[in-house]
Amino acid sequence: MVEDEEALGELVATDLREVGYDVRLAKSVGEAKALLAQAEFDVALLDLHLPDGTGEDILLRLSDDGALTEAIMLTGDRDISSAVQAMKLGASDYLVKPAPLADVELAVEQARVRHRLRTENLSLRARLERHEPRISVVTEDPAFLRVIQSLDQVGPSDLPVIVQGETGTGKEMIARAIHDASHHRMEPFVAFTCGGVSDDLLERELFGYEKGAFEGAGERKPGLLEMADRGTLFLDEIDAIGAMMQPKLLRVLETREYSRLGSTRPQRSRVRLVSGSGRDLESLVAAGGFRKDLYNSLNGVTLRLPPLRERKGDILPLALHFLRIHGIKRRLSPRALEALQGYSWPGNVRELQMVIRRAGALAVSEMIEARDLPFAH
């Protein structure tokens with residue numbers, strides 16, 4: 001809130017704090033800009049006339065920063081035209097002083113909802129660009145069933161989770177199930193694979209960056225932590241994170257704060273982290289390839305997913321499941337089923353799905369035969 005009438009500012013701030021808001025007060029444009037340099041705000045209540053400028057000066061600052069802050073102008077009876085002009089510059093509402101506190105609360109709550117919708121839409125667009133896949137749970141394996149059964153306790157716990165398993169075993173599927181079983185199931189789920197990504201690029205992806213933060217940064221981009229705010233961030237192949245990024249990720253876990261590249265303003269991290277690893281992180285720590293303190297911060301719970309070669313009883317149900325979801329009308333011959341069950345499946349469930357899709361598309365008869373499988377020649 002930016003208001004040069006100290007008594008009015010304190011009155012409104014006290015009321016908003018009592019209903020649950022975190023309020024910072026400034027009495028001038030200069031003080032407001034200093035606050036904006038320190039943190040980001042969901043809503044701004046801006047007095048139109050200030051000792052060293054106007055609320056429009058702060059609106060322009062928010063616009064230049066690309067901030068998603070929802071601004072409400074505070075104006076006197078004769079300043080309505082100026083308030084309307086301010087709305088053209090980006091303010092979303094205005095209040096005529098002295099406004100009843102109930103009206104202020106309502107305007108702030110509506111602005112907070114608008115801010116939330118804007119950030120969610122931004123996050124949704126970014127997540128859609130990543131084309132996150134969804135995989136159904138199909139298993140009769142006792143070890144895998146124990147993992148599934150544990151989700152009712154793990155999901156609501158809010159503990160960080162490590163999901164350990166070979167590539168293609170369903171780590172992201174389990175991470176999504178943890179999210180869906182949590183108290184934050186209506187918030188974003190964001191997934192990212194760290195393997196093959198340099199530390200520099202991973203830092204940009206994780207924290208986001210400001211316009212001009214580096215060559216080629218033509219506009220502000222939200223990072224994974226921001227897109228997953230209040231929800232779940234799944235970092236697969238976390239064992240691939242390099243020595244430069246490990247302490248930076250540890251700091252986020254310990255302080256719950258980070259800054260976009262090119263910015264000194266801290267942002268609050270309200271993300272539950274679920275990590276995926278194809279390697280045993282504890283063994284990696286012992287070998288000196290992963291920080292022990294980072295491992296300890298990630299390891300609230302570890303769930304181990306068995307590879308498909310140890311789940312022979314799941315091969316037929318999974319194969320039939322993939323035939324169905326991909327609309328493949330062909331059936332599996334006994335020889336084909338025998339070949340599927342005798343294969344070692346280094347790519348696990350993901351590989352099985354692609355084998356079924358390929359055989360369904362290329363088989364020359366109504367029955368999928370062993371000859372239609374790429375490993376059975």
# chains A, B, ... in the order shown; residues from 1 in each chain; ligands from 1
call {"tool": "residues_around", "arguments": {"residues": "segment 228-245 of chain A", "least_positions_apart": "2", "cutoff": "6 Å", "atoms": "only C-alpha atoms", "output": "list in words"}}
result
His184, Glu187, Pro188, Phe189, Val190, Ala191, Phe192, Thr193, Cys194, Gly195, Asp199, Leu225, Glu226, Pro247, Lys248, Arg270, Val271, Arg272, Leu273, Val274, Ser275, Gly276 and Ser277 of chain A
call {"tool": "residues_around", "arguments": {"residues": "segment 317-327 of chain A", "least_positions_apart": "6", "cutoff": "10 Å", "atoms": "only C-alpha atoms", "output": "ChimeraX atom specification"}}
result
/A:136-140,337,340,349,352-357,359-360
call {"tool": "closest_residue", "arguments": {"among": "A:Ser269, A:Lys33, A:Leu305, A:Gly223", "to": "Glu257 of chain A", "atoms": "only C-alpha atoms"}}
result
A:Ser269
call {"tool": "closest_residue", "arguments": {"among": "A:Gln38, A:Arg291, A:Lys211, A:Gly20", "to": "Leu249 of chain A", "atoms": "only C-alpha atoms"}}
result
A:Arg291
call {"tool": "select_by_dssp", "arguments": {"residues": "segment 181-239 of chain A", "states": "helix (DSSP H, G or I)", "output": "count of residues only"}}
result
15
call {"tool": "atom_distance", "arguments": {"atom1": "atom CA of Ile368 of chain A", "atom2": "atom CA of Arg330 of chain A"}}
result
6.4 Å
call {"tool": "residues_around", "arguments": {"residues": "segment 161-170 of chain A", "least_positions_apart": "2", "cutoff": "8 Å", "atoms": "only C-alpha atoms", "output": "ChimeraX atom specification"}}
result
/A:135,159,172-175,273-280,298-308,347-351
call {"tool": "write_last_selection", "arguments": {"atoms": "C-alpha atoms", "output": "compact mmCIF listing (two decimals), in the first residue's frame"}}
result
# COMPACT_ATOMS: atom_id res chain seq x y z
CA ILE A 135 0.37 -42.58 -17.97
CA LEU A 159 7.55 -34.40 2.47
CA GLU A 172 6.62 -39.30 -13.59
CA MET A 173 3.41 -41.31 -13.28
CA ILE A 174 4.17 -41.84 -9.58
CA ALA A 175 5.12 -38.18 -9.12
CA LEU A 273 9.84 -31.14 -4.78
CA VAL A 274 9.63 -34.69 -6.07
CA SER A 275 12.89 -36.00 -7.55
CA GLY A 276 13.39 -38.83 -10.00
CA SER A 277 16.62 -40.77 -10.29
CA GLY A 278 17.73 -43.74 -12.35
CA ARG A 279 20.66 -44.28 -10.01
CA ASP A 280 20.85 -44.98 -6.29
CA LEU A 298 15.58 -34.33 -0.98
CA ASN A 299 15.10 -37.60 0.88
CA GLY A 300 11.93 -37.21 2.92
CA VAL A 301 10.68 -40.49 1.43
CA THR A 302 12.24 -42.79 -1.19
CA LEU A 303 10.01 -44.91 -3.41
CA ARG A 304 11.74 -47.60 -5.51
CA LEU A 305 10.08 -48.77 -8.73
CA PRO A 306 10.94 -52.28 -9.95
CA PRO A 307 12.00 -52.64 -13.60
CA LEU A 308 9.66 -54.43 -16.01
CA GLY A 347 13.50 -49.38 -21.74
CA ASN A 348 10.86 -50.79 -19.37
CA VAL A 349 7.18 -49.76 -19.71
CA ARG A 350 7.94 -46.93 -22.11
CA GLU A 351 9.68 -49.35 -24.47
call {"tool": "atom_distance", "arguments": {"atom1": "atom CA of Met367 of chain A", "atom2": "atom CA of Gln341 of chain A"}}
result
17.2 Å
call {"tool": "select_by_dssp", "arguments": {"residues": "segment 86-231 of chain A", "states": "strand (DSSP E)", "output": "PyMOL selection string"}}
result
chain A and resi 93-96+161-164+189-193+208-209+221-222
